[in-house]
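To be precise, the following lines are target-v8.txt, and they hold compact mmCIF, C-alpha atoms and all ligand atoms.
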```txt
# COMPACT_ATOMS: atom_id res chain seq x y z
CA MET A 1 -5.79 -11.86 -22.35
CA SER A 2 -3.15 -9.22 -22.82
CA ARG A 3 -3.93 -5.55 -22.60
CA PRO A 4 -3.25 -3.24 -25.53
CA VAL A 5 -0.14 -1.09 -25.24
CA PHE A 6 -1.06 2.55 -25.26
CA VAL A 7 1.13 5.10 -27.00
CA GLY A 8 -0.28 8.61 -27.20
CA ALA A 9 0.56 11.42 -29.60
CA ARG A 10 4.09 11.22 -28.27
CA GLU A 11 5.94 8.12 -27.02
CA TYR A 12 7.61 8.92 -23.70
CA PHE A 13 9.50 5.64 -23.26
CA PRO A 14 10.58 4.81 -26.84
CA SER A 15 13.44 2.52 -25.76
CA VAL A 16 11.04 0.25 -23.87
CA LYS A 17 8.67 -2.18 -25.56
CA LYS A 18 6.05 -4.25 -23.76
CA VAL A 19 7.76 -5.96 -20.80
CA GLU A 20 7.37 -9.72 -21.19
CA PHE A 21 8.15 -12.79 -19.09
CA GLU A 22 11.42 -14.30 -20.31
CA GLY A 23 12.50 -16.52 -17.39
CA LEU A 24 15.54 -16.66 -15.12
CA GLU A 25 18.01 -17.29 -17.94
CA SER A 26 17.11 -14.07 -19.75
CA ASP A 27 19.81 -11.40 -19.94
CA ASN A 28 17.28 -8.74 -20.93
CA PRO A 29 17.04 -6.22 -18.07
CA LEU A 30 13.64 -5.08 -19.40
CA ALA A 31 12.00 -8.50 -19.02
CA PHE A 32 10.36 -10.30 -16.11
CA LYS A 33 12.45 -13.20 -14.84
CA VAL A 34 9.77 -14.71 -12.57
CA TYR A 35 6.48 -12.85 -13.02
CA ASP A 36 4.37 -14.65 -15.58
CA PRO A 37 0.91 -13.12 -15.08
CA SER A 38 -1.06 -16.13 -16.28
CA ARG A 39 0.99 -18.76 -14.42
CA MET A 40 -1.18 -20.65 -11.95
CA VAL A 41 -0.16 -20.86 -8.29
CA ALA A 42 -2.50 -22.47 -5.74
CA GLU A 43 -5.43 -22.32 -8.16
CA ARG A 44 -5.09 -18.64 -9.04
CA SER A 45 -2.98 -16.81 -11.57
CA MET A 46 0.00 -14.78 -10.41
CA GLU A 47 -1.85 -11.67 -11.60
CA GLU A 48 -4.86 -12.49 -9.42
CA TRP A 49 -2.77 -13.18 -6.30
CA LEU A 50 -0.48 -10.18 -6.60
CA ARG A 51 -2.77 -7.45 -7.98
CA PHE A 52 0.12 -5.06 -8.66
CA ALA A 53 -0.44 -1.32 -8.89
CA VAL A 54 1.84 1.52 -9.99
CA CYS A 55 1.56 4.73 -7.98
CA TYR A 56 1.10 7.94 -9.91
CA TRP A 57 2.90 10.26 -7.49
CA HIS A 58 6.44 8.91 -7.07
CA THR A 59 6.56 7.46 -10.58
CA PHE A 60 5.43 10.47 -12.61
CA THR A 61 5.89 13.46 -10.30
CA GLY A 62 8.99 12.34 -8.35
CA VAL A 63 11.76 14.45 -9.80
CA GLY A 64 14.40 13.54 -7.23
CA SER A 65 14.24 16.58 -4.99
CA ASP A 66 15.02 16.15 -1.28
CA PRO A 67 15.25 18.57 1.69
CA PHE A 68 18.82 19.44 0.62
CA GLY A 69 18.47 19.88 -3.12
CA GLY A 70 16.23 20.23 -6.13
CA ALA A 71 15.19 18.04 -9.02
CA THR A 72 17.68 15.63 -10.60
CA ARG A 73 15.27 14.37 -13.26
CA GLU A 74 13.51 16.44 -15.91
CA PHE A 75 10.49 14.56 -17.17
CA PRO A 76 9.54 15.28 -20.78
CA TRP A 77 5.86 15.52 -19.80
CA ASP A 78 6.68 18.44 -17.48
CA LYS A 79 7.70 20.76 -20.33
CA GLY A 80 4.27 21.92 -21.47
CA ALA A 81 2.87 25.46 -21.58
CA ASP A 82 1.29 25.28 -18.11
CA ALA A 83 0.46 22.95 -15.25
CA LYS A 84 -2.70 21.65 -16.91
CA SER A 85 -1.03 20.74 -20.20
CA ASN A 86 1.70 19.03 -18.19
CA ALA A 87 -1.00 17.03 -16.40
CA LEU A 88 -2.49 15.92 -19.73
CA GLN A 89 0.93 14.87 -21.01
CA ARG A 90 1.69 13.12 -17.71
CA LEU A 91 -1.52 11.13 -18.14
CA ASP A 92 -0.36 9.84 -21.53
CA ALA A 93 3.06 8.99 -20.12
CA ALA A 94 1.47 7.20 -17.17
CA PHE A 95 -0.80 5.02 -19.31
CA GLU A 96 2.04 4.24 -21.68
CA PHE A 97 4.04 3.13 -18.62
CA PHE A 98 1.21 1.06 -17.07
CA SER A 99 0.45 -0.74 -20.30
CA LYS A 100 4.10 -1.40 -21.24
CA LEU A 101 4.76 -2.76 -17.73
CA GLY A 102 1.57 -4.83 -17.91
CA VAL A 103 0.30 -4.24 -14.38
CA PRO A 104 -3.48 -4.41 -13.84
CA PHE A 105 -3.88 -1.36 -11.56
CA PHE A 106 -2.77 2.17 -10.73
CA CYS A 107 -3.36 4.51 -7.76
CA PHE A 108 -3.47 8.31 -7.64
CA HIS A 109 -3.75 11.38 -5.44
CA ASP A 110 -6.08 14.06 -6.81
CA ARG A 111 -3.18 16.50 -7.20
CA ASP A 112 -1.04 14.05 -9.23
CA LEU A 113 -3.80 13.85 -11.76
CA ALA A 114 -4.85 17.52 -11.79
CA PRO A 115 -3.02 20.56 -10.41
CA GLU A 116 -4.69 22.87 -7.90
CA GLN A 117 -6.00 26.13 -9.43
CA LYS A 118 -6.62 29.58 -7.96
CA THR A 119 -10.12 28.83 -6.67
CA LEU A 120 -11.85 25.70 -5.42
CA THR A 121 -14.37 25.84 -8.28
CA GLN A 122 -11.60 26.02 -10.89
CA THR A 123 -9.72 23.18 -9.19
CA GLU A 124 -12.80 20.97 -9.26
CA ALA A 125 -13.38 21.77 -12.95
CA VAL A 126 -9.81 20.82 -13.95
CA LEU A 127 -9.98 17.60 -11.91
CA HIS A 128 -13.25 16.75 -13.61
CA GLU A 129 -11.66 17.27 -17.03
CA LEU A 130 -8.65 15.11 -16.18
CA VAL A 131 -10.88 12.38 -14.75
CA ALA A 132 -12.77 12.24 -18.07
CA GLN A 133 -9.45 11.85 -19.92
CA THR A 134 -8.32 9.20 -17.44
CA LYS A 135 -11.52 7.25 -17.95
CA GLN A 136 -10.85 7.18 -21.67
CA ARG A 137 -7.27 5.95 -21.18
CA MET A 138 -8.52 3.25 -18.80
CA ALA A 139 -11.01 2.02 -21.39
CA GLU A 140 -8.28 1.95 -24.07
CA THR A 141 -5.76 0.04 -21.96
CA ARG A 142 -8.02 -1.91 -19.56
CA VAL A 143 -5.83 -0.71 -16.68
CA LYS A 144 -8.00 -0.36 -13.55
CA LEU A 145 -8.00 1.89 -10.51
CA LEU A 146 -6.97 0.16 -7.26
CA TRP A 147 -7.58 3.30 -5.21
CA GLY A 148 -7.86 7.03 -5.25
CA THR A 149 -7.01 9.49 -2.50
CA ALA A 150 -6.81 13.20 -1.76
CA ASN A 151 -3.49 14.89 -1.09
CA LEU A 152 -4.26 16.64 2.22
CA PHE A 153 -0.67 17.41 3.17
CA SER A 154 1.25 19.28 0.42
CA HIS A 155 -0.61 22.59 0.29
CA PRO A 156 0.57 25.06 2.98
CA ARG A 157 -3.05 25.40 4.22
CA TYR A 158 -2.61 21.93 5.71
CA MET A 159 0.47 22.80 7.75
CA ASN A 160 -1.50 22.09 10.96
CA GLY A 161 -3.35 19.10 9.56
CA ALA A 162 -6.47 18.63 7.45
CA ALA A 163 -9.33 16.90 9.32
CA THR A 164 -7.49 17.64 12.58
CA ASN A 165 -6.71 21.28 11.78
CA PRO A 166 -7.45 23.77 14.60
CA ASP A 167 -9.20 26.05 12.07
CA PHE A 168 -12.63 24.91 10.85
CA THR A 169 -12.20 26.63 7.46
CA VAL A 170 -9.26 24.37 6.69
CA VAL A 171 -11.28 21.32 7.80
CA ALA A 172 -14.00 22.43 5.35
CA HIS A 173 -11.48 22.75 2.49
CA ALA A 174 -10.23 19.25 3.30
CA GLY A 175 -13.83 18.03 3.19
CA ALA A 176 -14.39 19.63 -0.22
CA GLN A 177 -11.23 17.99 -1.51
CA VAL A 178 -12.18 14.53 -0.23
CA LYS A 179 -15.67 14.92 -1.72
CA ALA A 180 -14.17 15.66 -5.15
CA ALA A 181 -11.63 12.82 -4.81
CA LEU A 182 -14.41 10.38 -3.89
CA ASP A 183 -16.42 11.56 -6.90
CA ALA A 184 -13.35 10.93 -9.08
CA THR A 185 -12.75 7.49 -7.57
CA VAL A 186 -16.35 6.44 -8.16
CA GLU A 187 -16.29 7.83 -11.71
CA LEU A 188 -13.19 5.71 -12.38
CA ASP A 189 -14.61 2.54 -10.75
CA GLY A 190 -11.96 2.54 -8.01
CA VAL A 191 -12.25 -0.48 -5.74
CA ASN A 192 -10.77 1.27 -2.66
CA TYR A 193 -10.35 4.78 -1.30
CA VAL A 194 -7.36 5.62 0.92
CA PHE A 195 -6.72 8.08 3.74
CA TRP A 196 -3.08 8.60 4.59
CA GLY A 197 -3.23 11.15 7.43
CA GLY A 198 0.03 12.82 6.49
CA ARG A 199 -0.34 15.78 8.80
CA GLU A 200 -3.10 14.44 11.06
CA GLY A 201 -1.10 14.81 14.23
CA TYR A 202 0.81 17.52 16.01
CA THR A 203 4.17 18.95 16.87
CA ALA A 204 3.61 20.62 20.27
CA LEU A 205 1.19 19.56 22.99
CA LEU A 206 1.37 23.09 24.45
CA ASN A 207 -0.85 24.40 21.62
CA THR A 208 -2.84 21.26 20.76
CA ASN A 209 -6.24 19.93 21.86
CA THR A 210 -5.64 16.25 21.07
CA LYS A 211 -9.10 15.20 22.29
CA LEU A 212 -10.95 17.54 19.91
CA GLU A 213 -8.59 16.75 17.03
CA ARG A 214 -9.13 12.99 17.32
CA GLU A 215 -12.88 13.47 17.64
CA ASN A 216 -12.89 15.69 14.55
CA LEU A 217 -10.96 13.02 12.67
CA GLY A 218 -13.63 10.49 13.63
CA ARG A 219 -16.40 12.85 12.49
CA PHE A 220 -14.58 13.65 9.25
CA LEU A 221 -14.08 9.98 8.33
CA THR A 222 -17.70 9.25 9.20
CA ALA A 223 -18.82 12.07 6.88
CA ALA A 224 -16.56 10.73 4.11
CA ARG A 225 -17.96 7.21 4.57
CA ASP A 226 -21.55 8.52 4.45
CA TYR A 227 -20.91 10.65 1.35
CA GLY A 228 -19.09 7.81 -0.43
CA ARG A 229 -21.92 5.36 0.22
CA SER A 230 -24.50 7.98 -0.88
CA ILE A 231 -22.88 8.28 -4.33
CA GLY A 232 -22.62 4.53 -4.82
CA PHE A 233 -19.07 3.80 -3.68
CA GLU A 234 -19.14 0.11 -2.77
CA GLY A 235 -15.42 -0.37 -2.25
CA THR A 236 -13.33 -0.37 0.92
CA PHE A 237 -12.18 2.75 2.71
CA LEU A 238 -8.61 2.35 3.88
CA ILE A 239 -6.47 4.07 6.50
CA GLU A 240 -2.71 3.90 6.09
CA PRO A 241 -0.89 4.04 9.44
CA LYS A 242 2.35 5.98 9.91
CA PRO A 243 3.86 6.96 13.27
CA GLN A 244 5.52 10.26 12.43
CA GLU A 245 7.03 12.30 9.55
CA PRO A 246 6.01 14.91 8.63
CA MET A 247 4.44 15.51 12.08
CA LYS A 248 6.20 14.57 15.31
CA HIS A 249 3.16 12.61 16.53
CA GLN A 250 0.62 11.17 14.08
CA TYR A 251 -2.72 9.81 15.27
CA ASP A 252 -2.61 6.82 12.89
CA PHE A 253 0.57 5.52 14.55
CA ASP A 254 0.39 1.82 13.66
CA ALA A 255 -2.06 -0.97 12.90
CA GLN A 256 -3.15 -1.58 16.49
CA THR A 257 -3.72 2.14 17.06
CA VAL A 258 -5.80 2.49 13.90
CA ILE A 259 -7.84 -0.65 14.63
CA GLY A 260 -8.68 0.75 18.08
CA PHE A 261 -9.62 4.10 16.51
CA LEU A 262 -11.90 2.50 13.89
CA ARG A 263 -13.70 0.52 16.59
CA GLU A 264 -13.96 3.59 18.84
CA TYR A 265 -15.79 5.49 16.09
CA GLY A 266 -17.81 2.57 14.70
CA LEU A 267 -16.01 2.65 11.34
CA ASP A 268 -14.68 -0.92 11.26
CA SER A 269 -17.41 -2.23 8.93
CA ASP A 270 -16.46 0.21 6.15
CA PHE A 271 -12.76 0.81 6.76
CA LYS A 272 -9.78 -1.51 6.64
CA LEU A 273 -6.03 -0.80 6.68
CA ASN A 274 -3.52 -0.16 3.95
CA ILE A 275 -0.19 -1.33 5.34
CA GLU A 276 3.02 0.22 4.06
CA ALA A 277 6.22 -1.69 4.77
CA ASN A 278 8.31 1.41 5.42
CA HIS A 279 5.69 2.91 7.79
CA ALA A 280 5.74 -0.35 9.74
CA THR A 281 9.48 -0.12 10.30
CA LEU A 282 9.22 3.57 11.26
CA ALA A 283 6.73 2.49 13.95
CA GLY A 284 9.32 0.07 15.31
CA HIS A 285 7.56 -2.98 13.89
CA SER A 286 8.23 -5.33 11.02
CA PHE A 287 6.16 -5.29 7.83
CA ALA A 288 4.93 -8.81 8.65
CA HIS A 289 3.86 -7.79 12.16
CA GLU A 290 1.61 -5.04 10.86
CA LEU A 291 0.07 -7.34 8.24
CA GLN A 292 -0.60 -10.08 10.78
CA ILE A 293 -2.23 -7.69 13.28
CA CYS A 294 -4.62 -6.56 10.52
CA VAL A 295 -5.41 -10.12 9.44
CA ASP A 296 -6.14 -11.07 13.06
CA ALA A 297 -8.69 -8.24 13.23
CA GLY A 298 -10.18 -9.09 9.82
CA LEU A 299 -9.06 -5.66 8.64
CA LEU A 300 -6.24 -6.17 6.13
CA GLY A 301 -7.33 -4.10 3.15
CA SER A 302 -4.36 -3.43 0.90
CA ILE A 303 -0.57 -3.12 0.85
CA ASP A 304 1.88 -0.38 -0.07
CA ALA A 305 4.77 -2.57 -1.10
CA ASN A 306 8.09 -0.87 -0.49
CA ARG A 307 10.95 -1.00 2.02
CA GLY A 308 12.95 1.34 4.21
CA ASP A 309 16.65 1.51 4.83
CA PRO A 310 17.81 -0.28 7.99
CA GLN A 311 20.22 2.55 8.84
CA CYS A 312 17.89 5.51 8.12
CA GLY A 313 15.23 6.75 10.48
CA TRP A 314 13.09 8.17 7.69
CA ASP A 315 10.71 7.06 5.00
CA THR A 316 12.99 6.15 2.09
CA ASP A 317 10.24 4.43 0.05
CA GLN A 318 12.61 2.08 -1.76
CA PHE A 319 11.41 -0.63 -4.10
CA PRO A 320 10.84 -3.92 -2.23
CA LEU A 321 13.61 -6.44 -2.98
CA ASP A 322 14.33 -8.11 0.38
CA MET A 323 13.22 -11.69 -0.17
CA HIS A 324 12.67 -12.55 3.49
CA ASP A 325 10.31 -9.58 3.90
CA CYS A 326 8.48 -10.39 0.68
CA VAL A 327 8.10 -14.09 1.55
CA GLU A 328 6.82 -13.32 5.05
CA ALA A 329 4.30 -10.89 3.56
CA MET A 330 3.09 -13.39 0.96
CA LEU A 331 2.79 -16.13 3.62
CA ILE A 332 0.36 -13.86 5.46
CA VAL A 333 -1.47 -12.77 2.30
CA MET A 334 -1.87 -16.37 1.08
CA SER A 335 -2.95 -17.62 4.50
CA ASN A 336 -5.54 -14.84 4.46
CA GLY A 337 -6.91 -16.11 1.14
CA GLY A 338 -5.48 -13.20 -0.85
CA ILE A 339 -5.57 -9.42 -0.71
CA ALA A 340 -8.50 -8.58 -3.04
CA PRO A 341 -10.12 -6.12 -3.42
CA GLY A 342 -6.83 -4.60 -2.25
CA GLY A 343 -3.54 -5.09 -4.05
CA LEU A 344 0.21 -4.58 -3.91
CA ASN A 345 0.81 -0.93 -4.72
CA PHE A 346 4.43 0.08 -5.31
CA ASP A 347 4.54 3.22 -3.18
CA ALA A 348 8.21 3.42 -4.02
CA LYS A 349 10.53 5.86 -5.71
CA LEU A 350 13.82 5.82 -7.53
CA ARG A 351 16.94 6.91 -5.72
CA ARG A 352 17.75 10.53 -6.47
CA GLU A 353 20.81 9.47 -8.45
CA SER A 354 18.81 7.18 -10.78
CA VAL A 355 18.16 9.61 -13.60
CA ASP A 356 17.56 7.45 -16.68
CA MET A 357 13.97 7.15 -17.89
CA GLU A 358 14.32 3.36 -18.11
CA ASP A 359 15.23 3.25 -14.40
CA LEU A 360 11.49 3.62 -13.68
CA PHE A 361 10.87 0.36 -15.53
CA LEU A 362 13.88 -1.46 -14.06
CA ALA A 363 12.82 -0.60 -10.51
CA HIS A 364 9.28 -1.87 -11.03
CA ILE A 365 10.44 -5.03 -12.83
CA GLY A 366 12.71 -5.93 -9.91
CA ALA A 367 9.94 -5.43 -7.36
CA VAL A 368 7.38 -7.35 -9.42
CA ASP A 369 9.79 -10.29 -9.73
CA ALA A 370 10.63 -10.21 -6.00
CA PHE A 371 6.97 -10.55 -5.04
CA ALA A 372 6.29 -13.12 -7.76
CA ARG A 373 9.15 -15.24 -6.42
CA ALA A 374 7.87 -14.66 -2.86
CA LEU A 375 4.47 -15.96 -3.95
CA LEU A 376 6.07 -19.18 -5.25
CA VAL A 377 8.13 -19.64 -2.08
CA ALA A 378 5.16 -18.91 0.20
CA ASP A 379 3.07 -21.44 -1.72
CA ARG A 380 5.83 -24.02 -1.32
CA ILE A 381 6.06 -23.38 2.45
CA LEU A 382 2.30 -23.59 2.89
CA SER A 383 2.06 -26.74 0.78
CA ASP A 384 4.88 -28.32 2.80
CA GLY A 385 2.73 -27.85 5.90
CA ARG A 386 5.47 -28.05 8.57
CA LEU A 387 5.25 -24.36 9.48
CA LYS A 388 1.52 -24.58 10.08
CA GLN A 389 1.87 -27.88 11.95
CA ASN A 390 4.53 -26.44 14.27
CA LYS A 391 2.25 -23.54 15.15
CA ALA A 392 -0.72 -25.83 15.73
CA ASP A 393 1.35 -28.11 17.99
CA ARG A 394 2.63 -25.12 19.96
CA TYR A 395 -0.90 -24.09 20.92
CA ALA A 396 -2.37 -27.60 21.20
CA SER A 397 -3.04 -27.17 24.95
CA PHE A 398 -5.94 -24.86 24.02
CA ASP A 399 -7.57 -27.45 21.74
CA SER A 400 -9.13 -29.65 24.43
CA GLY A 401 -9.77 -30.01 28.17
CA PRO A 402 -9.35 -27.06 30.53
CA GLY A 403 -7.27 -25.14 27.94
CA LYS A 404 -10.21 -25.19 25.56
CA GLN A 405 -12.56 -24.19 28.36
CA PHE A 406 -10.30 -21.19 29.02
CA ALA A 407 -10.22 -20.32 25.30
CA ASP A 408 -14.00 -20.47 25.31
CA GLY A 409 -14.12 -17.96 28.17
CA GLU A 410 -15.45 -20.47 30.69
CA LEU A 411 -12.73 -20.35 33.36
CA GLY A 412 -12.06 -17.72 36.02
CA LEU A 413 -8.94 -17.07 38.07
CA ALA A 414 -10.04 -19.47 40.83
CA ASP A 415 -10.38 -22.21 38.17
CA LEU A 416 -6.85 -21.45 36.95
CA GLN A 417 -5.58 -21.74 40.53
CA ALA A 418 -7.37 -25.07 41.04
CA PHE A 419 -5.79 -26.43 37.84
CA ALA A 420 -2.32 -25.10 38.61
CA VAL A 421 -2.20 -26.53 42.10
CA VAL A 422 -2.42 -30.11 40.79
CA ASN A 423 -0.45 -29.53 37.54
CA PRO A 424 3.24 -28.64 38.01
CA HIS A 425 4.58 -26.26 35.39
CA PRO A 426 5.63 -28.09 32.22
CA GLU A 427 9.07 -28.90 30.87
CA HIS A 428 10.58 -26.19 28.63
CA ARG A 429 9.61 -26.75 25.05
CA SER A 430 11.69 -25.31 22.20
CA GLY A 431 10.16 -22.60 20.05
CA LYS A 432 12.21 -24.00 17.13
CA GLN A 433 12.77 -20.56 15.62
CA GLU A 434 16.09 -21.52 14.01
CA SER A 435 14.60 -24.68 12.57
CA LEU A 436 11.71 -22.71 11.03
CA GLU A 437 14.08 -20.06 9.68
CA ASN A 438 16.16 -22.82 8.10
CA LEU A 439 13.03 -24.30 6.58
CA MET A 440 12.12 -20.94 5.09
CA ASN A 441 15.62 -20.56 3.65
CA GLN A 442 15.57 -24.09 2.27
CA MET A 443 12.34 -23.30 0.45
CA MET A 444 13.92 -20.13 -0.91
CA PHE A 445 17.04 -22.02 -2.08
CA MET A 446 15.02 -24.59 -4.02
CA GLU A 447 14.91 -24.45 -7.76
CA ASP A 448 11.67 -23.20 -9.23
CA LYS A 449 9.88 -26.24 -10.66
CA GLU A 450 6.80 -25.30 -12.61
MN MN B 1 6.43 5.76 2.70
```
Using the file provided, produce a representation of the structure as structure tokens.
Amino acid sequence: MSRPVFVGAREYFPSVKKVEFEGLESDNPLAFKVYDPSRMVAERSMEEWLRFAVCYWHTFTGVGSDPFGGATREFPWDKGADAKSNALQRLDAAFEFFSKLGVPFFCFHDRDLAPEQKTLTQTEAVLHELVAQTKQRMAETRVKLLWGTANLFSHPRYMNGAATNPDFTVVAHAGAQVKAALDATVELDGVNYVFWGGREGYTALLNTNTKLERENLGRFLTAARDYGRSIGFEGTFLIEPKPQEPMKHQYDFDAQTVIGFLREYGLDSDFKLNIEANHATLAGHSFAHELQICVDAGLLGSIDANRGDPQCGWDTDQFPLDMHDCVEAMLIVMSNGGIAPGGLNFDAKLRRESVDMEDLFLAHIGAVDAFARALLVADRILSDGRLKQNKADRYASFDSGPGKQFADGELGLADLQAFAVVNPHPEHRSGKQESLENLMNQMMFMEDKE
């Protein structure tokens, strides 16, 4: 069932029609080459497996500025009389984009949707108004909300953090903002709510009480959980790890750190993790590593699908196109039985030099096709079975006998010694990494046979 294409009072992308699946032979840059939403893969449609979302911030507020220079793009929706009329125009542009691209979901920060006003009361009123408009657009287009969040890092009041700010008044303002963002998410039937702790960390230990800050973060997230549940939010709360940038040290460093934190504060029944590829690499890990650690803990919630630059030490938020990364991610997602109620959110932005309006579409089309192809390859690898068999064989010593007793927690160190003394250490056994990498490549080389 296709969704209606929304065009408001003004069409912001007149050169782009609805993006359709045209196959690998198509020479139309504004068509999907692989992504065919209704195509069945392992008993689910591509749309159900991939659950793509467009992010509001980079896509409709990213004007190309960087620390060395200003905007390189002038969006037509930013030329209204004031910030609020721009926000209303941006909403029309966003829903035109979502429905022409044909993705099922979007994600937003409160401030993307509605600009901050002079007072808290005025800010809440404008957000409320924009949420009502958004709800109408969602009904018209059937585009759904994957998650909402509060921007707790852009305003200068958050220079020392939000929930971890040394000043209680700032913590209270952050609380008010999260309350309003949760209200908005519930109003829009969002299936997740995200915390990216952009400035929840510190720059200098000389002036920082890390113990109190981490405890306050735990209390703040607990209060958010309790408020969300009290207003009927039944979705998943998500924390998105990132090791640094903008702060030197951030408390949500990586997946293992966040999992430990959630368990420390008893939040692991309500919270899961939103893993961003580029944050994984900034933490010195691979995207796949972070996903697997979450799956192992039963806490993979959602994915910010992007990539970094191998030569840059910062968060470049490029569109995901590296097929090895995408295939590894989809192997983990498929082995986990899918990502729902999470999804694949393109937290990605155009390069500063990409200034054509259609570049927004081209970037998303490329990333959608990369993950669609990765889904097909991952399905082929899993159906082939050799990867799984190799892993099972490698750990077979824990399936029976004393190895199983150890895995079941029944053996102590003296038992290990008694076993070792009569069992000489085994012959070296190959890990077969190259063979498995070749297998993965072979599956990627194969022609797509529907
Ligand atoms: Mn990023």
Exercise for the section: Would you list the contacts of range 130-139 of chain A as a VMD selection string, taking every protein, DNA or RNA residue within 7 Å and counting only C-alpha atoms, but skipping same-chain residues closer than 4 positions in sequence? Expected result: chain A and resid 95 113 to 114 126 143 to 144 184 188
Per residue of chain A within 12 Å of ligand MN 1 (chain B), record the nearest atom pair and its distance in Å to one decimal, counting all atoms listed in the file, with rows in chain order and ascending residue number, as a Markdown table.
```
| residue | atom | partner | partner_atom | distance |
| --- | --- | --- | --- | --- |
| A:Cys55 | CA | B:MN1 | MN | 11.8 |
| A:Trp57 | CA | B:MN1 | MN | 11.7 |
| A:His58 | CA | B:MN1 | MN | 10.3 |
| A:Trp196 | CA | B:MN1 | MN | 10.1 |
| A:Gly198 | CA | B:MN1 | MN | 10.3 |
| A:Glu240 | CA | B:MN1 | MN | 9.9 |
| A:Pro241 | CA | B:MN1 | MN | 10.1 |
| A:Lys242 | CA | B:MN1 | MN | 8.3 |
| A:Pro243 | CA | B:MN1 | MN | 10.9 |
| A:Gln244 | CA | B:MN1 | MN | 10.8 |
| A:Glu245 | CA | B:MN1 | MN | 9.5 |
| A:Pro246 | CA | B:MN1 | MN | 10.9 |
| A:Asn274 | CA | B:MN1 | MN | 11.6 |
| A:Ile275 | CA | B:MN1 | MN | 10.1 |
| A:Glu276 | CA | B:MN1 | MN | 6.6 |
| A:Ala277 | CA | B:MN1 | MN | 7.7 |
| A:Asn278 | CA | B:MN1 | MN | 5.5 |
| A:His279 | CA | B:MN1 | MN | 5.9 |
| A:Ala280 | CA | B:MN1 | MN | 9.3 |
| A:Thr281 | CA | B:MN1 | MN | 10.1 |
| A:Leu282 | CA | B:MN1 | MN | 9.3 |
| A:Ala283 | CA | B:MN1 | MN | 11.7 |
| A:Ile303 | CA | B:MN1 | MN | 11.5 |
| A:Asp304 | CA | B:MN1 | MN | 8.1 |
| A:Ala305 | CA | B:MN1 | MN | 9.3 |
| A:Asn306 | CA | B:MN1 | MN | 7.5 |
| A:Arg307 | CA | B:MN1 | MN | 8.2 |
| A:Gly308 | CA | B:MN1 | MN | 8.0 |
| A:Asp309 | CA | B:MN1 | MN | 11.3 |
| A:Gly313 | CA | B:MN1 | MN | 11.8 |
| A:Trp314 | CA | B:MN1 | MN | 8.7 |
| A:Asp315 | CA | B:MN1 | MN | 5.0 |
| A:Thr316 | CA | B:MN1 | MN | 6.6 |
| A:Asp317 | CA | B:MN1 | MN | 4.8 |
| A:Gln318 | CA | B:MN1 | MN | 8.5 |
| A:Phe319 | CA | B:MN1 | MN | 10.6 |
| A:Pro320 | CA | B:MN1 | MN | 11.7 |
| A:Asn345 | CA | B:MN1 | MN | 11.5 |
| A:Phe346 | CA | B:MN1 | MN | 10.0 |
| A:Asp347 | CA | B:MN1 | MN | 6.7 |
| A:Ala348 | CA | B:MN1 | MN | 7.3 |
| A:Lys349 | CA | B:MN1 | MN | 9.4 |
```
Taking all atoms listed in the file into account, produce a table as JSON lines in which each residue of range 48-117 of chain A with an atom at most 9 Å from an atom of range 146-165 of chain A appears once, together with its shortest atom pair and the distance in Å to one decimal, ordered by chain and rising number.
```
{"residue": "A:Arg51", "atom": "CA", "partner": "A:Leu146", "partner_atom": "CA", "distance": 8.7}
{"residue": "A:Phe52", "atom": "CA", "partner": "A:Leu146", "partner_atom": "CA", "distance": 8.9}
{"residue": "A:Ala53", "atom": "CA", "partner": "A:Leu146", "partner_atom": "CA", "distance": 6.9}
{"residue": "A:Pro104", "atom": "CA", "partner": "A:Leu146", "partner_atom": "CA", "distance": 8.7}
{"residue": "A:Phe105", "atom": "CA", "partner": "A:Leu146", "partner_atom": "CA", "distance": 5.5}
{"residue": "A:Phe106", "atom": "CA", "partner": "A:Leu146", "partner_atom": "CA", "distance": 5.8}
{"residue": "A:Cys107", "atom": "CA", "partner": "A:Trp147", "partner_atom": "CA", "distance": 5.1}
{"residue": "A:Phe108", "atom": "CA", "partner": "A:Gly148", "partner_atom": "CA", "distance": 5.2}
{"residue": "A:His109", "atom": "CA", "partner": "A:Thr149", "partner_atom": "CA", "distance": 4.8}
{"residue": "A:Asp110", "atom": "CA", "partner": "A:Ala150", "partner_atom": "CA", "distance": 5.2}
{"residue": "A:Arg111", "atom": "CA", "partner": "A:Asn151", "partner_atom": "CA", "distance": 6.3}
{"residue": "A:Asp112", "atom": "CA", "partner": "A:Asn151", "partner_atom": "CA", "distance": 8.5}
```
Exercise for the section: Check the smallest atom-to-atom distance from each of A:Phe253, A:Gly431, A:Phe419, A:Gly284 to Pro310 in chain A using all atoms listed in the file, then report the winner. Expected result: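 The answer is A:Gly284, which sits nearest to Pro310 in chain A.
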Practice task
Using only C-alpha atoms, find the one residue out of A:Glu140, A:Glu427, A:Glu353, A:Asp359 that sits nearest to Asp66 in chain A.
Solution key: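 For Asp66 in chain A, the nearest of the candidates is A:Glu353.
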Practice task
For Ser430 in chain A, list every protein, DNA or RNA residue within 12 Å, evaluated using all atoms listed in the file, and leave out those in the same chain fewer than 3 positions away; present the list as a ChimeraX atom specification.
Solution key: /A:390-391,393-394,427,433-436
Exercise for the section: Quote the spacing between CA of Glu437 in chain A and CA of Met330 in chain A in Å to one decimal place. Expected result: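 Atom-to-atom, CA of Glu437 in chain A and CA of Met330 in chain A are spaced 15.5 Å apart.
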Handout entry: Residue nearest Ile365 in chain A - candidates A:Ala204, A:Lys79, A:Leu321, A:Glu129, atoms counted: only C-alpha atoms
Key =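 Ranked by minimum distance to Ile365 in chain A, first place goes to A:Leu321.
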